[in-house]
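Asker: I'm passing along input.cif; it holds mmCIF, C-alpha atoms.
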```
data_work
#
loop_
_atom_site.label_atom_id
_atom_site.label_comp_id
_atom_site.auth_asym_id
_atom_site.auth_seq_id
_atom_site.Cartn_x
_atom_site.Cartn_y
_atom_site.Cartn_z
CA MET A 3 0.00 0.00 0.00
CA ARG A 4 1.04 3.60 -0.49
CA TRP A 5 0.99 6.42 1.97
CA SER A 6 -0.93 9.62 1.36
CA SER A 7 0.97 12.80 0.54
CA ARG A 8 0.62 13.81 4.19
CA ARG A 9 2.45 10.59 5.10
CA THR A 10 0.25 10.18 8.17
CA GLU A 11 -2.46 7.88 6.86
CA VAL A 12 -2.56 4.54 5.13
CA VAL A 13 -4.45 4.59 1.83
CA PRO A 14 -6.94 1.68 1.94
CA SER A 15 -6.17 -1.16 -0.44
CA PRO A 16 -9.18 -1.38 -2.79
CA ASN A 17 -9.11 -5.17 -3.03
CA ILE A 18 -7.97 -7.12 0.02
CA TRP A 19 -9.36 -4.65 2.57
CA TYR A 20 -12.90 -4.97 1.28
CA TYR A 21 -12.97 -8.27 -0.61
CA GLN A 22 -10.80 -10.56 1.45
CA ALA A 23 -12.46 -13.80 0.31
CA ASP A 24 -12.03 -12.89 -3.35
CA TYR A 25 -8.45 -11.81 -2.72
CA GLU A 26 -7.80 -15.22 -1.18
CA ARG A 27 -9.00 -16.73 -4.46
CA GLU A 28 -6.57 -14.45 -6.27
CA ASN A 29 -3.65 -15.43 -4.06
CA ARG A 30 -4.36 -19.11 -4.62
CA ALA A 31 -4.52 -18.58 -8.38
CA GLN A 32 -1.35 -16.50 -8.71
CA ASP A 33 2.01 -17.84 -9.82
CA SER A 34 0.71 -21.36 -10.30
CA GLY A 35 4.09 -22.57 -11.56
CA GLY A 36 6.08 -20.98 -8.72
CA GLU A 37 8.16 -18.72 -10.99
CA ILE A 38 8.17 -15.77 -8.59
CA TRP A 39 9.34 -17.98 -5.74
CA ARG A 40 12.06 -19.43 -7.96
CA VAL A 41 13.40 -15.96 -8.85
CA LEU A 42 13.23 -14.79 -5.24
CA ARG A 43 15.26 -17.83 -4.16
CA GLU A 44 17.85 -17.09 -6.82
CA GLU A 45 18.14 -13.51 -5.57
CA CYS A 46 18.40 -14.50 -1.91
CA ASP A 47 18.00 -17.90 -0.29
CA TRP A 48 16.32 -17.26 3.08
CA THR A 49 17.07 -20.70 4.53
CA GLY A 50 18.08 -20.24 8.17
CA ARG A 51 17.62 -16.48 7.97
CA ASP A 52 15.28 -13.87 9.44
CA VAL A 53 12.60 -12.65 7.02
CA LEU A 54 10.36 -9.59 7.19
CA ASP A 55 7.27 -9.44 4.94
CA VAL A 56 6.09 -5.81 4.63
CA GLY A 57 2.40 -5.34 3.85
CA CYS A 58 1.78 -9.04 4.47
CA GLY A 59 -2.00 -8.69 4.24
CA ASP A 60 -3.71 -11.73 5.72
CA GLY A 61 -0.42 -13.61 5.81
CA PHE A 62 -0.78 -15.73 2.67
CA HIS A 63 2.97 -15.87 1.96
CA LEU A 64 4.20 -16.22 5.53
CA PRO A 65 3.94 -20.03 5.76
CA VAL A 66 6.02 -20.40 2.57
CA PHE A 67 8.89 -18.43 4.09
CA ALA A 68 8.44 -20.25 7.40
CA ARG A 69 9.29 -23.64 5.88
CA ASP A 70 12.98 -22.71 5.66
CA ALA A 71 13.55 -19.39 7.45
CA ARG A 72 14.79 -19.15 11.02
CA SER A 73 12.11 -16.55 11.76
CA VAL A 74 9.39 -14.75 9.81
CA LEU A 75 7.71 -11.50 10.76
CA GLY A 76 4.74 -10.05 8.89
CA VAL A 77 3.93 -6.34 9.24
CA GLU A 78 0.53 -5.08 8.10
CA PRO A 79 -1.21 -1.69 8.69
CA HIS A 80 -4.83 -2.93 8.58
CA GLU A 81 -5.81 -4.45 11.92
CA PRO A 82 -8.47 -6.90 10.60
CA LEU A 83 -5.86 -8.36 8.24
CA VAL A 84 -3.38 -8.66 11.11
CA ARG A 85 -5.95 -10.77 12.98
CA SER A 86 -6.49 -12.95 9.91
CA ALA A 87 -2.75 -13.37 9.42
CA LEU A 88 -2.26 -14.41 13.05
CA LYS A 89 -4.98 -17.00 12.64
CA ARG A 90 -3.35 -18.31 9.46
CA VAL A 91 0.02 -18.86 11.13
CA GLU A 92 -1.28 -20.44 14.34
CA GLY A 93 0.96 -23.33 15.18
CA LEU A 94 3.99 -21.96 13.32
CA SER A 95 6.43 -21.24 16.13
CA ASN A 96 8.83 -19.22 13.97
CA VAL A 97 6.24 -16.73 12.66
CA ASP A 98 4.84 -13.54 14.18
CA VAL A 99 2.63 -10.74 12.82
CA ARG A 100 2.57 -7.12 13.99
CA LEU A 101 0.49 -4.07 13.23
CA GLY A 102 2.65 -1.45 11.57
CA ARG A 103 3.45 0.75 8.58
CA ALA A 104 6.17 0.49 5.99
CA GLN A 105 7.44 3.97 6.79
CA ARG A 106 7.76 3.17 10.50
CA LEU A 107 8.41 -0.52 10.92
CA PRO A 108 7.98 -1.97 14.42
CA VAL A 109 11.30 -3.77 14.01
CA ARG A 110 14.74 -3.29 15.56
CA SER A 111 17.52 -1.90 13.39
CA ALA A 112 19.80 -4.45 11.70
CA SER A 113 17.66 -7.36 12.83
CA VAL A 114 16.55 -9.11 9.60
CA ASP A 115 18.27 -10.62 6.57
CA VAL A 116 15.48 -10.33 4.00
CA VAL A 117 12.79 -7.70 3.51
CA HIS A 118 10.07 -8.92 1.14
CA ALA A 119 7.17 -6.86 -0.21
CA ARG A 120 4.74 -8.13 -2.83
CA THR A 121 2.42 -5.65 -4.55
CA ALA A 122 2.43 -3.60 -1.35
CA TYR A 123 3.54 0.04 -0.91
CA PHE A 124 6.74 -0.05 -3.00
CA PHE A 125 5.61 1.28 -6.37
CA GLY A 126 8.43 3.66 -7.21
CA PRO A 127 8.55 7.42 -6.53
CA GLY A 128 6.85 8.14 -3.21
CA CYS A 129 8.09 5.04 -1.40
CA GLU A 130 11.38 6.57 -0.20
CA PRO A 131 10.41 6.39 3.51
CA GLY A 132 9.73 2.68 3.17
CA LEU A 133 13.04 2.08 1.41
CA ALA A 134 14.87 3.94 4.16
CA GLU A 135 13.13 1.80 6.79
CA ALA A 136 13.98 -1.38 4.91
CA ASP A 137 17.65 -0.36 4.94
CA ARG A 138 17.43 0.43 8.65
CA VAL A 139 16.10 -2.98 9.66
CA LEU A 140 18.34 -4.98 7.30
CA ARG A 141 21.64 -6.38 8.46
CA PRO A 142 24.68 -5.57 6.32
CA GLY A 143 24.58 -7.84 3.28
CA GLY A 144 20.81 -8.31 3.63
CA ARG A 145 18.42 -8.09 0.69
CA ILE A 146 15.25 -6.19 -0.05
CA LEU A 147 13.03 -8.02 -2.55
CA ILE A 148 10.15 -6.06 -4.08
CA VAL A 149 7.61 -7.78 -6.33
CA ASP A 150 5.26 -5.66 -8.41
CA LEU A 151 3.14 -6.15 -11.50
CA ASP A 152 4.74 -5.59 -14.92
CA VAL A 153 2.37 -3.11 -16.55
CA THR A 154 4.11 -3.63 -19.91
CA SER A 155 3.09 -7.31 -20.01
CA ALA A 156 -0.10 -8.22 -21.89
CA PRO A 157 -2.90 -8.83 -21.34
CA TYR A 158 -3.05 -7.93 -17.64
CA GLY A 159 -0.78 -4.93 -18.02
CA GLY A 160 -2.99 -3.48 -20.73
CA TRP A 161 -6.03 -3.65 -18.50
CA MET A 162 -4.08 -1.96 -15.71
CA ARG A 163 -2.95 0.83 -18.00
CA ALA A 164 -6.58 1.40 -19.01
CA ASP A 165 -7.42 2.06 -15.36
CA LEU A 166 -4.13 3.88 -14.58
CA PRO A 167 -3.43 6.03 -17.67
CA HIS A 168 -0.96 8.24 -15.82
CA TYR A 169 1.18 5.36 -14.55
CA ASP A 170 4.51 5.27 -16.37
CA PRO A 171 6.36 1.96 -15.83
CA ALA A 172 9.57 3.43 -17.30
CA VAL A 173 9.65 6.09 -14.57
CA VAL A 174 9.25 3.41 -11.91
CA GLU A 175 12.02 1.29 -13.40
CA ARG A 176 14.38 4.28 -13.58
CA PHE A 177 13.58 5.09 -9.97
CA PHE A 178 14.55 1.61 -8.79
CA ALA A 179 17.61 1.46 -11.05
CA ARG A 180 18.91 4.74 -9.63
CA ALA A 181 18.24 3.44 -6.14
CA GLY A 182 20.57 0.52 -6.84
CA PHE A 183 18.03 -2.20 -7.61
CA GLY A 184 18.29 -4.86 -10.25
CA CYS A 185 15.12 -5.76 -12.13
CA ARG A 186 14.03 -9.15 -13.39
CA ARG A 187 10.86 -9.69 -15.38
CA VAL A 188 8.93 -12.82 -14.46
CA ALA A 189 6.28 -14.43 -16.66
CA THR A 190 3.69 -16.27 -14.57
CA GLU A 191 0.36 -17.96 -15.06
CA TRP A 192 -2.67 -17.58 -12.84
CA ARG A 193 -4.88 -20.68 -12.72
CA PHE A 194 -8.52 -20.78 -11.69
CA ALA A 195 -10.63 -23.89 -11.12
CA PRO A 196 -14.09 -22.43 -11.85
CA ALA A 197 -14.61 -19.49 -14.19
CA ALA A 198 -16.56 -17.80 -11.41
CA ASP A 199 -13.32 -17.36 -9.44
CA LEU A 200 -11.60 -15.63 -12.36
CA GLU A 201 -14.56 -13.30 -12.77
CA ALA A 202 -14.65 -12.47 -9.06
CA VAL A 203 -10.93 -11.67 -9.00
CA LEU A 204 -10.97 -9.44 -12.07
CA LYS A 205 -13.95 -7.54 -10.63
CA ILE A 206 -11.97 -6.54 -7.51
CA GLU A 207 -8.89 -5.53 -9.49
CA PHE A 208 -10.39 -3.29 -12.16
CA SER A 209 -13.11 -0.72 -12.75
CA LYS A 210 -16.40 -2.16 -13.99
CA PRO A 211 -15.88 -1.51 -17.74
CA VAL A 212 -12.28 -2.74 -17.68
CA ALA A 213 -13.25 -5.80 -15.61
CA GLU A 214 -15.98 -6.66 -18.10
CA GLN A 215 -13.47 -6.41 -20.94
CA ALA A 216 -10.90 -8.48 -19.03
CA ILE A 217 -13.45 -11.18 -18.22
CA ALA A 218 -14.67 -11.42 -21.80
CA GLU A 219 -11.13 -11.61 -23.22
CA SER A 220 -10.04 -14.15 -20.60
CA LEU A 221 -12.99 -16.42 -21.23
CA GLN A 222 -12.40 -16.23 -24.97
CA ARG A 223 -8.69 -16.98 -24.46
CA ASN A 224 -9.74 -20.13 -22.58
CA GLY A 225 -12.25 -21.27 -25.18
CA ASN A 226 -15.13 -20.20 -22.95
CA ARG A 227 -14.47 -23.15 -20.64
CA SER A 228 -16.18 -23.14 -17.27
CA GLU A 229 -13.27 -24.84 -15.46
CA ASP A 230 -9.45 -24.84 -15.38
CA LEU A 231 -8.81 -21.38 -16.78
CA THR A 232 -5.41 -19.73 -17.04
CA LEU A 233 -4.32 -16.11 -17.30
CA PRO A 234 -0.78 -14.93 -18.16
CA VAL A 235 0.43 -12.17 -15.82
CA GLY A 236 3.86 -10.51 -15.79
CA TYR A 237 5.73 -9.32 -12.70
CA ARG A 238 8.95 -7.50 -11.89
CA VAL A 239 11.29 -8.47 -9.09
CA HIS A 240 13.40 -5.56 -7.85
CA ALA A 241 16.30 -6.67 -5.67
CA ARG A 242 18.97 -4.75 -3.78
CA ARG A 243 21.69 -5.83 -1.37
CA LYS A 244 22.56 -3.69 1.62
CA PRO A 245 26.28 -2.82 1.53
CA THR A 246 28.52 -4.46 4.07
CA GLY A 247 31.10 -1.65 4.15
CA LEU A 248 31.11 2.12 4.40
CA VAL A 249 28.97 4.13 1.97
CA LEU A 250 30.23 7.65 1.30
CA PRO A 251 27.79 10.54 1.86
CA GLY A 252 25.84 11.28 -1.30
CA HIS A 253 26.52 7.78 -2.68
CA SER A 254 23.93 5.75 -0.80
CA ALA A 255 22.18 3.08 -2.85
CA ALA A 256 18.98 4.22 -1.17
CA SER A 257 19.12 7.68 -2.75
CA PRO A 258 17.13 7.78 -6.01
CA GLY A 259 17.69 10.41 -8.68
CA ALA A 260 16.00 13.75 -8.23
CA GLU A 261 14.20 13.47 -11.55
CA ASP A 262 12.00 10.61 -10.45
CA SER A 263 11.72 11.33 -6.73
CA SER A 264 9.52 14.33 -7.37
CA SER A 265 6.76 12.33 -9.03
CA SER A 266 4.23 10.08 -7.39
CA SER A 267 3.15 6.56 -8.09
CA PRO A 268 -0.38 5.14 -8.07
CA ARG A 269 -1.93 2.73 -5.65
CA MET A 270 -1.57 -0.62 -7.36
CA PRO A 271 -3.48 -3.84 -6.83
#
```
If you took the structure in this file and wrote it as structure tokens, what would it be?

Answerer:
Amino acid sequence: MRWSSRRTEVVPSPNIWYYQADYERENRAQDSGGEIWRVLREECDWTGRDVLDVGCGDGFHLPVFARDARSVLGVEPHEPLVRSALKRVEGLSNVDVRLGRAQRLPVRSASVDVVHARTAYFFGPGCEPGLAEADRVLRPGGRILIVDLDVTSAPYGGWMRADLPHYDPAVVERFFARAGFGCRRVATEWRFAPAADLEAVLKIEFSKPVAEQAIAESLQRNGNRSEDLTLPVGYRVHARRKPTGLVLPGHSAASPGAEDSSSSSPRMP
């Protein structure tokens, strides 16, 4: 999620905050082949390490990290989702969930090895406070892994651009590049059992006319089947390693270029 320009309030997420059951369907459908997880592992293996998931929502990804990590902490600003996340991870002794914001993490400095955020808060210009906090809580040599949607990838990206005409993916990529991040594009496939699940998910992600278009095109792409539907969706994985040595003033990897830092990024699904 993004912060408002006043940086004192959390902007409500238009999908998971209000349509949690449908967002659960979306989470279960996403990345059916595990490509995002494969790329994240290549960027930083969290086995035996301490992981922080920023904007963890209702905790869907926490158990995956918990299989191999030493500890996992989810931070989420919406209290009902914190309660849901705590319920999800009951019985997992190495997982905790706390109420908190990306720009003021309830985490000790230099206490985690991996900061992960997936389609939450970090959408380019405007997320500087969150990046600074991620650097604060990371140990030297730690990694921040940011997963967002690739708006240049069809067909999902085209529907997003229809709803977000002012969003410029090139500006976002330049922002992260100047902040010292690498970028890897990841092609994934969402998979839905009944067509009704696909329709419900697209309705919470897009405006009504765009959702109707997305549903029609998706059904046609799948031969108008009523079961076992797929949807190609592209992502970007932005990764940065915290330096282990001294960083000279004015040369911090966390300092993006002035050109992009003055613009703002949209709230993304």

Asker: Quick one, how far is CA of Ser73 in chain A from CA of Ala189 in chain A?

Answerer: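 Answer for the CA of Ser73 in chain A to CA of Ala189 in chain A separation: 29.1 Å.
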
Asker: Which one is closest to Arg90 in chain A: A:Pro108, A:Glu26, A:Glu130, A:Ala122? Count only C-alpha atoms.

Answerer: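 Answer, going by the shortest atom-to-atom distance: A:Glu26.
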
Asker: Determine the residue set returned by the PyMOL selection byres ((chain A and resi 48-56) around 7) for the present structure, and present it as a short mmCIF file (atom, residue, chain, number, x, y, z; two decimals) with C-alpha atoms, in the coordinates of the input.

Answerer:
```cif
data_model
loop_
_atom_site.label_atom_id
_atom_site.label_comp_id
_atom_site.auth_asym_id
_atom_site.auth_seq_id
_atom_site.Cartn_x
_atom_site.Cartn_y
_atom_site.Cartn_z
CA CYS A 46 18.40 -14.50 -1.91
CA ASP A 47 18.00 -17.90 -0.29
CA GLY A 57 2.40 -5.34 3.85
CA CYS A 58 1.78 -9.04 4.47
CA ASP A 70 12.98 -22.71 5.66
CA ALA A 71 13.55 -19.39 7.45
CA ARG A 72 14.79 -19.15 11.02
CA SER A 73 12.11 -16.55 11.76
CA VAL A 74 9.39 -14.75 9.81
CA LEU A 75 7.71 -11.50 10.76
CA GLY A 76 4.74 -10.05 8.89
CA VAL A 77 3.93 -6.34 9.24
CA GLU A 78 0.53 -5.08 8.10
CA ALA A 104 6.17 0.49 5.99
CA VAL A 114 16.55 -9.11 9.60
CA ASP A 115 18.27 -10.62 6.57
CA VAL A 116 15.48 -10.33 4.00
CA VAL A 117 12.79 -7.70 3.51
CA HIS A 118 10.07 -8.92 1.14
CA ALA A 119 7.17 -6.86 -0.21
#
```

Asker: Would you translate the PyMOL selection byres ((chain A and resi 86-89) around 10) into the concrete set of residues it matches in this file, as a PDB file with C-alpha atoms, in the frame of the given file?

Answerer:
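New file out-v1.pdb:
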```
ATOM      1  CA  GLN A  22     -10.800 -10.560   1.450  1.00  0.00           C
ATOM      2  CA  CYS A  58       1.780  -9.040   4.470  1.00  0.00           C
ATOM      3  CA  GLY A  59      -2.000  -8.690   4.240  1.00  0.00           C
ATOM      4  CA  ASP A  60      -3.710 -11.730   5.720  1.00  0.00           C
ATOM      5  CA  GLY A  61      -0.420 -13.610   5.810  1.00  0.00           C
ATOM      6  CA  PHE A  62      -0.780 -15.730   2.670  1.00  0.00           C
ATOM      7  CA  HIS A  63       2.970 -15.870   1.960  1.00  0.00           C
ATOM      8  CA  LEU A  64       4.200 -16.220   5.530  1.00  0.00           C
ATOM      9  CA  GLY A  76       4.740 -10.050   8.890  1.00  0.00           C
ATOM     10  CA  VAL A  77       3.930  -6.340   9.240  1.00  0.00           C
ATOM     11  CA  GLU A  78       0.530  -5.080   8.100  1.00  0.00           C
ATOM     12  CA  GLU A  81      -5.810  -4.450  11.920  1.00  0.00           C
ATOM     13  CA  PRO A  82      -8.470  -6.900  10.600  1.00  0.00           C
ATOM     14  CA  LEU A  83      -5.860  -8.360   8.240  1.00  0.00           C
ATOM     15  CA  VAL A  84      -3.380  -8.660  11.110  1.00  0.00           C
ATOM     16  CA  ARG A  85      -5.950 -10.770  12.980  1.00  0.00           C
ATOM     17  CA  ARG A  90      -3.350 -18.310   9.460  1.00  0.00           C
ATOM     18  CA  VAL A  91       0.020 -18.860  11.130  1.00  0.00           C
ATOM     19  CA  GLU A  92      -1.280 -20.440  14.340  1.00  0.00           C
ATOM     20  CA  GLY A  93       0.960 -23.330  15.180  1.00  0.00           C
ATOM     21  CA  LEU A  94       3.990 -21.960  13.320  1.00  0.00           C
ATOM     22  CA  VAL A  97       6.240 -16.730  12.660  1.00  0.00           C
ATOM     23  CA  ASP A  98       4.840 -13.540  14.180  1.00  0.00           C
ATOM     24  CA  VAL A  99       2.630 -10.740  12.820  1.00  0.00           C
ATOM     25  CA  ARG A 100       2.570  -7.120  13.990  1.00  0.00           C
TER      26      ARG A 100
END
```

Asker: Mind pulling up the distance from CA of Glu229 in chain A to CA of Ser34 in chain A?

Answerer: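 Computing it gives 15.3 Å between the two atoms.
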
Asker: Fewer than 5 positions away in the same chain doesn't count, so skip those; otherwise give me all residues within 7 Å of Arg120 in chain A, counting all atoms listed in the file, as a count of residues only.

Answerer: 3

Asker: Run the PyMOL selection byres ((chain A and resi 223-228) around 12) against the file shown and list the residues it catches, as number ranges by chain.

Answerer: A: 157, 193-201, 216-222, 229-234

Asker: Between CA of Ala136 in chain A and CA of Arg106 in chain A, what is the distance in Å, rounded to a tenth?

Answerer: 9.5 Å

Asker: Mind dumping range 160-171 of chain A from that block, keeping all heavy atoms, as a PDB file, in the first residue's frame?

Answerer:
```
ATOM      1  N   GLY A 160      -2.147  -4.372 -19.935  1.00  0.00           N
ATOM      2  CA  GLY A 160      -2.988  -3.482 -20.733  1.00  0.00           C
ATOM      3  C   GLY A 160      -4.243  -3.072 -20.001  1.00  0.00           C
ATOM      4  O   GLY A 160      -4.674  -1.907 -20.082  1.00  0.00           O
ATOM      5  N   TRP A 161      -4.827  -3.998 -19.279  1.00  0.00           N
ATOM      6  CA  TRP A 161      -6.027  -3.647 -18.496  1.00  0.00           C
ATOM      7  C   TRP A 161      -5.661  -2.678 -17.379  1.00  0.00           C
ATOM      8  O   TRP A 161      -6.420  -1.739 -17.101  1.00  0.00           O
ATOM      9  CB  TRP A 161      -6.646  -4.922 -17.910  1.00  0.00           C
ATOM     10  CG  TRP A 161      -7.022  -5.941 -18.938  1.00  0.00           C
ATOM     11  CD1 TRP A 161      -7.445  -5.704 -20.226  1.00  0.00           C
ATOM     12  CD2 TRP A 161      -6.996  -7.369 -18.786  1.00  0.00           C
ATOM     13  NE1 TRP A 161      -7.664  -6.892 -20.872  1.00  0.00           N
ATOM     14  CE2 TRP A 161      -7.416  -7.927 -20.013  1.00  0.00           C
ATOM     15  CE3 TRP A 161      -6.660  -8.217 -17.737  1.00  0.00           C
ATOM     16  CZ2 TRP A 161      -7.507  -9.313 -20.209  1.00  0.00           C
ATOM     17  CZ3 TRP A 161      -6.748  -9.592 -17.927  1.00  0.00           C
ATOM     18  CH2 TRP A 161      -7.174 -10.127 -19.155  1.00  0.00           C
ATOM     19  N   MET A 162      -4.508  -2.888 -16.761  1.00  0.00           N
ATOM     20  CA  MET A 162      -4.076  -1.964 -15.713  1.00  0.00           C
ATOM     21  C   MET A 162      -3.843  -0.562 -16.267  1.00  0.00           C
ATOM     22  O   MET A 162      -4.230   0.432 -15.649  1.00  0.00           O
ATOM     23  CB  MET A 162      -2.804  -2.487 -15.040  1.00  0.00           C
ATOM     24  CG  MET A 162      -3.019  -3.677 -14.135  1.00  0.00           C
ATOM     25  SD  MET A 162      -1.499  -4.187 -13.284  1.00  0.00           S
ATOM     26  CE  MET A 162      -1.186  -2.734 -12.305  1.00  0.00           C
ATOM     27  N   ARG A 163      -3.221  -0.486 -17.420  1.00  0.00           N
ATOM     28  CA  ARG A 163      -2.955   0.834 -18.004  1.00  0.00           C
ATOM     29  C   ARG A 163      -4.253   1.544 -18.358  1.00  0.00           C
ATOM     30  O   ARG A 163      -4.335   2.780 -18.312  1.00  0.00           O
ATOM     31  CB  ARG A 163      -2.062   0.703 -19.248  1.00  0.00           C
ATOM     32  CG  ARG A 163      -0.643   0.275 -18.918  1.00  0.00           C
ATOM     33  CD  ARG A 163       0.301   0.503 -20.090  1.00  0.00           C
ATOM     34  NE  ARG A 163      -0.151  -0.164 -21.301  1.00  0.00           N
ATOM     35  CZ  ARG A 163       0.133  -1.421 -21.614  1.00  0.00           C
ATOM     36  NH1 ARG A 163       0.860  -2.156 -20.784  1.00  0.00           N
ATOM     37  NH2 ARG A 163      -0.291  -1.944 -22.735  1.00  0.00           N
ATOM     38  N   ALA A 164      -5.283   0.789 -18.709  1.00  0.00           N
ATOM     39  CA  ALA A 164      -6.580   1.397 -19.009  1.00  0.00           C
ATOM     40  C   ALA A 164      -7.158   2.073 -17.770  1.00  0.00           C
ATOM     41  O   ALA A 164      -7.804   3.123 -17.864  1.00  0.00           O
ATOM     42  CB  ALA A 164      -7.552   0.346 -19.541  1.00  0.00           C
ATOM     43  N   ASP A 165      -6.920   1.480 -16.612  1.00  0.00           N
ATOM     44  CA  ASP A 165      -7.416   2.064 -15.363  1.00  0.00           C
ATOM     45  C   ASP A 165      -6.441   3.074 -14.759  1.00  0.00           C
ATOM     46  O   ASP A 165      -6.833   3.901 -13.932  1.00  0.00           O
ATOM     47  CB  ASP A 165      -7.678   0.953 -14.339  1.00  0.00           C
ATOM     48  CG  ASP A 165      -9.102   0.425 -14.397  1.00  0.00           C
ATOM     49  OD1 ASP A 165      -9.962   1.101 -15.004  1.00  0.00           O
ATOM     50  OD2 ASP A 165      -9.351  -0.664 -13.845  1.00  0.00           O
ATOM     51  N   LEU A 166      -5.157   2.994 -15.132  1.00  0.00           N
ATOM     52  CA  LEU A 166      -4.127   3.877 -14.582  1.00  0.00           C
ATOM     53  C   LEU A 166      -3.377   4.555 -15.725  1.00  0.00           C
ATOM     54  O   LEU A 166      -2.181   4.319 -15.940  1.00  0.00           O
ATOM     55  CB  LEU A 166      -3.147   3.068 -13.729  1.00  0.00           C
ATOM     56  CG  LEU A 166      -3.720   2.337 -12.517  1.00  0.00           C
ATOM     57  CD1 LEU A 166      -2.694   1.378 -11.948  1.00  0.00           C
ATOM     58  CD2 LEU A 166      -4.173   3.327 -11.457  1.00  0.00           C
ATOM     59  N   PRO A 167      -4.060   5.441 -16.475  1.00  0.00           N
ATOM     60  CA  PRO A 167      -3.434   6.029 -17.670  1.00  0.00           C
ATOM     61  C   PRO A 167      -2.216   6.888 -17.375  1.00  0.00           C
ATOM     62  O   PRO A 167      -1.395   7.119 -18.268  1.00  0.00           O
ATOM     63  CB  PRO A 167      -4.566   6.858 -18.289  1.00  0.00           C
ATOM     64  CG  PRO A 167      -5.496   7.147 -17.149  1.00  0.00           C
ATOM     65  CD  PRO A 167      -5.440   5.928 -16.271  1.00  0.00           C
ATOM     66  N   HIS A 168      -2.078   7.366 -16.137  1.00  0.00           N
ATOM     67  CA  HIS A 168      -0.956   8.240 -15.817  1.00  0.00           C
ATOM     68  C   HIS A 168       0.238   7.465 -15.256  1.00  0.00           C
ATOM     69  O   HIS A 168       1.288   8.065 -15.003  1.00  0.00           O
ATOM     70  CB  HIS A 168      -1.385   9.309 -14.805  1.00  0.00           C
ATOM     71  CG  HIS A 168      -2.496  10.180 -15.302  1.00  0.00           C
ATOM     72  ND1 HIS A 168      -2.364  10.995 -16.407  1.00  0.00           N
ATOM     73  CD2 HIS A 168      -3.772  10.349 -14.857  1.00  0.00           C
ATOM     74  CE1 HIS A 168      -3.500  11.638 -16.623  1.00  0.00           C
ATOM     75  NE2 HIS A 168      -4.366  11.269 -15.698  1.00  0.00           N
ATOM     76  N   TYR A 169       0.080   6.173 -15.071  1.00  0.00           N
ATOM     77  CA  TYR A 169       1.177   5.365 -14.546  1.00  0.00           C
ATOM     78  C   TYR A 169       2.197   5.103 -15.653  1.00  0.00           C
ATOM     79  O   TYR A 169       1.856   4.615 -16.731  1.00  0.00           O
ATOM     80  CB  TYR A 169       0.648   4.048 -14.000  1.00  0.00           C
ATOM     81  CG  TYR A 169       1.731   3.123 -13.489  1.00  0.00           C
ATOM     82  CD1 TYR A 169       2.372   3.387 -12.286  1.00  0.00           C
ATOM     83  CD2 TYR A 169       2.096   1.984 -14.203  1.00  0.00           C
ATOM     84  CE1 TYR A 169       3.353   2.541 -11.808  1.00  0.00           C
ATOM     85  CE2 TYR A 169       3.077   1.131 -13.733  1.00  0.00           C
ATOM     86  CZ  TYR A 169       3.702   1.413 -12.546  1.00  0.00           C
ATOM     87  OH  TYR A 169       4.684   0.571 -12.070  1.00  0.00           O
ATOM     88  N   ASP A 170       3.437   5.435 -15.397  1.00  0.00           N
ATOM     89  CA  ASP A 170       4.512   5.268 -16.373  1.00  0.00           C
ATOM     90  C   ASP A 170       5.499   4.229 -15.841  1.00  0.00           C
ATOM     91  O   ASP A 170       6.311   4.528 -14.955  1.00  0.00           O
ATOM     92  CB  ASP A 170       5.220   6.594 -16.620  1.00  0.00           C
ATOM     93  CG  ASP A 170       6.229   6.523 -17.753  1.00  0.00           C
ATOM     94  OD1 ASP A 170       6.609   5.404 -18.144  1.00  0.00           O
ATOM     95  OD2 ASP A 170       6.628   7.594 -18.253  1.00  0.00           O
ATOM     96  N   PRO A 171       5.467   2.999 -16.354  1.00  0.00           N
ATOM     97  CA  PRO A 171       6.363   1.964 -15.828  1.00  0.00           C
ATOM     98  C   PRO A 171       7.836   2.292 -16.031  1.00  0.00           C
ATOM     99  O   PRO A 171       8.678   1.867 -15.242  1.00  0.00           O
ATOM    100  CB  PRO A 171       5.959   0.708 -16.612  1.00  0.00           C
ATOM    101  CG  PRO A 171       5.274   1.215 -17.844  1.00  0.00           C
ATOM    102  CD  PRO A 171       4.595   2.482 -17.430  1.00  0.00           C
TER     103      PRO A 171
END
```
